[in-house]
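See structure below.
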Amino acid sequence: AQDFSPGWWDALDYLWDSKGPIWAFLDKAQSLRRDPVDPPIAGAFRFALDVNCRNTRRIVACANTATHIESEPFDMAPLGRPPKIITPTTPAAISGLIAHEVRALLSEHRLAPRQIAIIGPASKAKGPLAGVAQIDGVPLIDDATCWREGNGVLVSTARSFKGLEADVVILADFSGLGGLFTISDLYVALTRARFVCGDTMIGASFERLRREVLSAPRDAAKLREDVLAMREKMHAGHVNDSDLFDLKHDRGGIVDVEFCVQYLVLRHSAGHPELADNVGNIALLQRAGAAGLIPAPLAQAAADAYRELRRRQHAIKLSGAEYARVPPAALESVRATVTALWAQVMDTAA
């Protein structure tokens, strides 16, 4: 939930049956109307759900940089176009710049009005678009229900738009953080855009293109060389000078598993189309094992190791630690499994 009321914890505690679990989802980054309150429930265990499943990689990076709220794009998220930043010369120029962008989205990119939302610190009546009723015959409206029905382009605030999303979001009239527009408002506004721009037909075309790219013929030796080079580049960019094991970047960690999976997908999707499905690293490892591309017991062990690495990583992040690192002996068997996977996939790659 967003804007989790403190009284809700009392209700959850009352409803909870000690014989079974109860799950509560609290997003502190999107708490716009009140300060978030941690659960006062005894024995509560926290999981960090820090994977962004909505946005392109570039939007995720933009939101992370602007708000210092860390999240990661999901495994198969597309790169996407760079967010476009326009600085008006004067406040009076804002409405004209917005109109120009909306006009281009409607005519050149052929988006429907229900795919576009304009978000700002103030409502339409109090913002720079107060005097603009329509753009090229398309009404600017502040009713989300009418917008979803395709009756115009929505003009809203981050607080009113929270819980909704659009294919294209224009963040307008942002002059800084303050009482009306907090860091949480900014995060919500920046992450409302979906990663597929268009209707169902466009989405289906994107999926076909994604599968074609993954299944394209590749030279195995060149692919292995490219993957190894990229892995070395990432390793060099995340030097660990401590005596601890970095769960993500060190050898035998999360990144090694992800590179193995990516290699298997790119190398074998043509012959095993089930590897092109967007189902996540654990399921893909299991499918690779079922297909005989790697030994099935190793595939399952690696999937379990990856799950444990991510679980530990999330738990450490919740403590506020800068790095997700543990004593090497703590995950010795997990590291050995990942090392065995790497040897099977990359050292014998063909």
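Ordering of the structure tokens sets the chain letters (A, B, ...), residue numbers begin anew at 1 in every chain, and ligands are numbered from 1 in the order given.
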Every residue of segment 73-149 of chain A that DSSP places in helix (DSSP H, G or I), as an NGL selection string: :A and (91-107 or 113-115 or 124-126 or 144-148)
Can I get the selected residues back with N, CA, C and O atoms, as a compact mmCIF listing (two decimals), in the first residue's frame?
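The resulting result_26.txt:
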# COMPACT_ATOMS: atom_id res chain seq x y z
N PRO A 91 8.84 31.21 -17.09
CA PRO A 91 7.66 30.44 -16.68
C PRO A 91 6.51 30.53 -17.68
O PRO A 91 5.75 29.57 -17.85
N ALA A 92 6.41 31.65 -18.37
CA ALA A 92 5.32 31.83 -19.33
C ALA A 92 5.47 30.90 -20.54
O ALA A 92 4.49 30.65 -21.25
N ALA A 93 6.67 30.39 -20.76
CA ALA A 93 6.90 29.53 -21.92
C ALA A 93 6.51 28.08 -21.69
O ALA A 93 6.48 27.28 -22.63
N ILE A 94 6.19 27.73 -20.44
CA ILE A 94 5.93 26.33 -20.11
C ILE A 94 4.75 25.77 -20.89
O ILE A 94 4.83 24.67 -21.45
N SER A 95 3.65 26.50 -20.94
CA SER A 95 2.45 25.98 -21.61
C SER A 95 2.71 25.73 -23.09
O SER A 95 2.25 24.73 -23.65
N GLY A 96 3.45 26.61 -23.74
CA GLY A 96 3.76 26.42 -25.15
C GLY A 96 4.65 25.21 -25.39
O GLY A 96 4.45 24.47 -26.37
N LEU A 97 5.62 24.99 -24.51
CA LEU A 97 6.50 23.83 -24.65
C LEU A 97 5.72 22.53 -24.46
O LEU A 97 5.93 21.55 -25.19
N ILE A 98 4.82 22.52 -23.47
CA ILE A 98 4.00 21.33 -23.26
C ILE A 98 3.12 21.06 -24.47
O ILE A 98 3.00 19.91 -24.94
N ALA A 99 2.51 22.10 -24.99
CA ALA A 99 1.64 21.95 -26.17
C ALA A 99 2.42 21.38 -27.34
O ALA A 99 1.92 20.52 -28.08
N HIS A 100 3.64 21.84 -27.53
CA HIS A 100 4.47 21.34 -28.64
C HIS A 100 4.75 19.84 -28.47
O HIS A 100 4.65 19.07 -29.44
N GLU A 101 5.08 19.41 -27.25
CA GLU A 101 5.37 17.99 -27.01
C GLU A 101 4.13 17.13 -27.18
O GLU A 101 4.18 16.06 -27.79
N VAL A 102 3.00 17.59 -26.67
CA VAL A 102 1.76 16.83 -26.80
C VAL A 102 1.36 16.72 -28.26
O VAL A 102 0.93 15.65 -28.74
N ARG A 103 1.51 17.81 -28.99
CA ARG A 103 1.16 17.81 -30.42
C ARG A 103 1.99 16.77 -31.18
O ARG A 103 1.48 16.03 -32.02
N ALA A 104 3.28 16.70 -30.85
CA ALA A 104 4.15 15.72 -31.52
C ALA A 104 3.76 14.30 -31.15
O ALA A 104 3.76 13.40 -31.99
N LEU A 105 3.41 14.06 -29.89
CA LEU A 105 3.01 12.72 -29.46
C LEU A 105 1.74 12.27 -30.16
O LEU A 105 1.60 11.09 -30.54
N LEU A 106 0.81 13.19 -30.34
CA LEU A 106 -0.47 12.85 -30.96
C LEU A 106 -0.34 12.65 -32.47
O LEU A 106 -0.92 11.71 -33.03
N SER A 107 0.43 13.52 -33.13
CA SER A 107 0.47 13.47 -34.59
C SER A 107 1.62 12.63 -35.13
O SER A 107 1.41 11.74 -35.98
N PRO A 113 -5.01 10.04 -26.87
CA PRO A 113 -5.01 10.90 -25.68
C PRO A 113 -4.94 10.12 -24.37
O PRO A 113 -4.29 10.57 -23.41
N ARG A 114 -5.57 8.93 -24.31
CA ARG A 114 -5.58 8.15 -23.07
C ARG A 114 -4.21 7.57 -22.74
O ARG A 114 -4.03 6.95 -21.67
N GLN A 115 -3.23 7.72 -23.63
CA GLN A 115 -1.89 7.22 -23.37
C GLN A 115 -0.96 8.28 -22.80
O GLN A 115 0.19 7.98 -22.47
N LYS A 124 -4.55 21.34 -12.66
CA LYS A 124 -4.65 22.07 -13.93
C LYS A 124 -5.12 23.50 -13.70
O LYS A 124 -4.60 24.45 -14.31
N ALA A 125 -6.08 23.68 -12.81
CA ALA A 125 -6.65 25.01 -12.58
C ALA A 125 -5.64 25.97 -11.98
O ALA A 125 -5.79 27.20 -12.12
N LYS A 126 -4.61 25.47 -11.32
CA LYS A 126 -3.64 26.32 -10.65
C LYS A 126 -2.26 26.28 -11.29
O LYS A 126 -1.33 26.92 -10.80
N ALA A 144 -9.67 11.56 -14.20
CA ALA A 144 -8.98 10.34 -14.61
C ALA A 144 -9.93 9.34 -15.28
O ALA A 144 -9.53 8.60 -16.18
N THR A 145 -11.18 9.30 -14.84
CA THR A 145 -12.14 8.37 -15.45
C THR A 145 -12.40 8.75 -16.90
O THR A 145 -12.38 7.89 -17.79
N CYS A 146 -12.61 10.03 -17.15
CA CYS A 146 -12.81 10.49 -18.52
C CYS A 146 -11.56 10.26 -19.36
O CYS A 146 -11.65 9.94 -20.55
N TRP A 147 -10.40 10.43 -18.75
CA TRP A 147 -9.14 10.20 -19.47
C TRP A 147 -9.02 8.75 -19.89
O TRP A 147 -8.67 8.46 -21.03
N ARG A 148 -9.32 7.80 -19.00
CA ARG A 148 -9.22 6.39 -19.34
C ARG A 148 -10.21 6.01 -20.45
O ARG A 148 -9.98 5.06 -21.19
Close residues, segment 152-161 of chain A itself excluded, 7 Å, only C-alpha atoms, min 6 positions apart in chain, as a list in words: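 Returned residues: Leu32, Pro113, Arg114, Ile116, Ala117, Ile118, Ile119, Gly120, Pro121, Ala122, Ser123, Lys124, Val138, Pro139, Leu140, Ile141, Asp142, Ala144, Asp185, Val188 and Ala189 of chain A.
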So that I can check the surroundings of Lys222 of chain A, please list as a compact mmCIF listing (two decimals) with N, CA and C atoms, in the first residue's frame every protein, DNA and RNA residue that reaches within 12 Å of it, counting only C-alpha atoms and ignoring chain neighbours fewer than 2 positions away.
# COMPACT_ATOMS: atom_id res chain seq x y z
N PRO A 217 20.57 -15.86 -35.11
CA PRO A 217 21.77 -16.72 -35.17
C PRO A 217 23.00 -15.97 -34.66
N ARG A 218 23.82 -16.65 -33.89
CA ARG A 218 25.01 -16.02 -33.32
C ARG A 218 26.18 -16.98 -33.38
N ASP A 219 27.35 -16.41 -33.58
CA ASP A 219 28.58 -17.19 -33.52
C ASP A 219 28.89 -17.47 -32.05
N ALA A 220 28.93 -18.74 -31.68
CA ALA A 220 29.07 -19.12 -30.27
C ALA A 220 30.36 -18.58 -29.66
N ARG A 224 30.55 -15.85 -26.64
CA ARG A 224 31.25 -16.12 -25.38
C ARG A 224 32.29 -15.04 -25.10
N GLU A 225 33.02 -14.66 -26.13
CA GLU A 225 34.04 -13.62 -25.98
C GLU A 225 33.43 -12.31 -25.51
N ASP A 226 32.28 -11.94 -26.11
CA ASP A 226 31.62 -10.68 -25.76
C ASP A 226 31.09 -10.71 -24.33
N VAL A 227 30.49 -11.84 -23.93
CA VAL A 227 29.94 -11.95 -22.58
C VAL A 227 31.07 -11.89 -21.55
N LEU A 228 32.16 -12.61 -21.80
CA LEU A 228 33.28 -12.59 -20.87
C LEU A 228 33.89 -11.19 -20.75
N ALA A 229 33.98 -10.49 -21.87
CA ALA A 229 34.54 -9.14 -21.85
C ALA A 229 33.66 -8.20 -21.04
N TYR A 263 23.77 -15.60 -21.30
CA TYR A 263 24.48 -16.35 -22.34
C TYR A 263 23.61 -17.50 -22.85
N LEU A 266 20.80 -16.11 -25.12
CA LEU A 266 21.27 -15.64 -26.42
C LEU A 266 21.82 -16.78 -27.28
N ARG A 267 22.41 -17.77 -26.66
CA ARG A 267 23.02 -18.87 -27.39
C ARG A 267 22.00 -19.90 -27.86
N ALA A 349 31.66 -23.27 -22.86
CA ALA A 349 30.75 -22.71 -23.86
C ALA A 349 31.15 -23.10 -25.26
N ALA A 350 30.15 -23.47 -26.02
CA ALA A 350 30.40 -23.84 -27.42
C ALA A 350 29.17 -23.54 -28.25
Coordinates-based distance that separates atom CA of Ile282 of chain A from atom CA of Gln300 of chain A (Å, one decimal): 8.4 Å
Closest of A:Val265, A:Asp347, A:Val168, A:Gly320 to Val213 of chain A - atom-to-atom distances counting only C-alpha atoms: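 The closest residue to Val213 of chain A is A:Val265.
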DSSP strand (DSSP E) residues within segment 119-311 of chain A, as a count of residues only: 19
Surrounding residues of Arg81 of chain A excluding itself and chain neighbours under 6 positions, 10 Å, only C-alpha atoms, as a PyMOL selection string: chain A and resi 56-59+195
Residue subset to file, keeping all heavy atoms, as a PDB file, in the first residue's frame:
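In the end it all went to selection35.pdb:
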ATOM      1  N   THR A  56      11.294   1.457 -18.228  1.00  0.00           N
ATOM      2  CA  THR A  56      12.498   1.122 -18.977  1.00  0.00           C
ATOM      3  C   THR A  56      13.725   1.326 -18.089  1.00  0.00           C
ATOM      4  O   THR A  56      13.658   1.974 -17.047  1.00  0.00           O
ATOM      5  CB  THR A  56      12.638   2.017 -20.216  1.00  0.00           C
ATOM      6  OG1 THR A  56      12.815   3.378 -19.786  1.00  0.00           O
ATOM      7  CG2 THR A  56      11.422   1.937 -21.116  1.00  0.00           C
ATOM      8  N   ARG A  57      14.842   0.783 -18.528  1.00  0.00           N
ATOM      9  CA  ARG A  57      16.072   0.926 -17.745  1.00  0.00           C
ATOM     10  C   ARG A  57      16.476   2.395 -17.606  1.00  0.00           C
ATOM     11  O   ARG A  57      16.986   2.821 -16.567  1.00  0.00           O
ATOM     12  CB  ARG A  57      17.196   0.113 -18.395  1.00  0.00           C
ATOM     13  CG  ARG A  57      16.955  -1.391 -18.326  1.00  0.00           C
ATOM     14  CD  ARG A  57      18.072  -2.191 -18.993  1.00  0.00           C
ATOM     15  NE  ARG A  57      17.787  -3.605 -18.886  1.00  0.00           N
ATOM     16  CZ  ARG A  57      18.116  -4.375 -17.849  1.00  0.00           C
ATOM     17  NH1 ARG A  57      18.770  -3.838 -16.838  1.00  0.00           N
ATOM     18  NH2 ARG A  57      17.806  -5.649 -17.815  1.00  0.00           N
ATOM     19  N   ARG A  58      16.238   3.171 -18.647  1.00  0.00           N
ATOM     20  CA  ARG A  58      16.648   4.580 -18.584  1.00  0.00           C
ATOM     21  C   ARG A  58      15.764   5.375 -17.634  1.00  0.00           C
ATOM     22  O   ARG A  58      16.235   6.285 -16.943  1.00  0.00           O
ATOM     23  CB  ARG A  58      16.636   5.181 -19.985  1.00  0.00           C
ATOM     24  CG  ARG A  58      17.907   4.836 -20.775  1.00  0.00           C
ATOM     25  CD  ARG A  58      17.855   5.356 -22.170  1.00  0.00           C
ATOM     26  NE  ARG A  58      19.173   5.308 -22.793  1.00  0.00           N
ATOM     27  CZ  ARG A  58      19.376   5.188 -24.097  1.00  0.00           C
ATOM     28  NH1 ARG A  58      18.342   5.084 -24.923  1.00  0.00           N
ATOM     29  NH2 ARG A  58      20.591   5.158 -24.596  1.00  0.00           N
ATOM     30  N   ILE A  59      14.475   5.051 -17.579  1.00  0.00           N
ATOM     31  CA  ILE A  59      13.601   5.746 -16.634  1.00  0.00           C
ATOM     32  C   ILE A  59      13.964   5.368 -15.211  1.00  0.00           C
ATOM     33  O   ILE A  59      13.984   6.208 -14.305  1.00  0.00           O
ATOM     34  CB  ILE A  59      12.120   5.441 -16.938  1.00  0.00           C
ATOM     35  CG1 ILE A  59      11.703   6.115 -18.246  1.00  0.00           C
ATOM     36  CG2 ILE A  59      11.233   5.916 -15.796  1.00  0.00           C
ATOM     37  CD1 ILE A  59      10.273   5.850 -18.654  1.00  0.00           C
ATOM     38  N   PHE A 195       6.663   0.834 -19.910  1.00  0.00           N
ATOM     39  CA  PHE A 195       7.778   0.677 -20.845  1.00  0.00           C
ATOM     40  C   PHE A 195       7.332   0.345 -22.244  1.00  0.00           C
ATOM     41  O   PHE A 195       8.129   0.379 -23.172  1.00  0.00           O
ATOM     42  CB  PHE A 195       8.770  -0.388 -20.343  1.00  0.00           C
ATOM     43  CG  PHE A 195       8.257  -1.794 -20.360  1.00  0.00           C
ATOM     44  CD1 PHE A 195       8.318  -2.572 -21.501  1.00  0.00           C
ATOM     45  CD2 PHE A 195       7.727  -2.344 -19.216  1.00  0.00           C
ATOM     46  CE1 PHE A 195       7.873  -3.874 -21.497  1.00  0.00           C
ATOM     47  CE2 PHE A 195       7.261  -3.648 -19.205  1.00  0.00           C
ATOM     48  CZ  PHE A 195       7.339  -4.412 -20.353  1.00  0.00           C
TER      49      PHE A 195
END
Atom CA of Phe245 of chain A to atom CA of Glu72 of chain A, distance in Å rounded to a single decimal: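 Pair atom CA of Phe245 of chain A / atom CA of Glu72 of chain A returns 20.6 Å.
Proximity to Gln134 of chain A was assessed for A:Ala291, A:Ala221, A:Ala216, A:Asn151 counting only C-alpha atoms; the smallest distance is recorded for A:Asn151.
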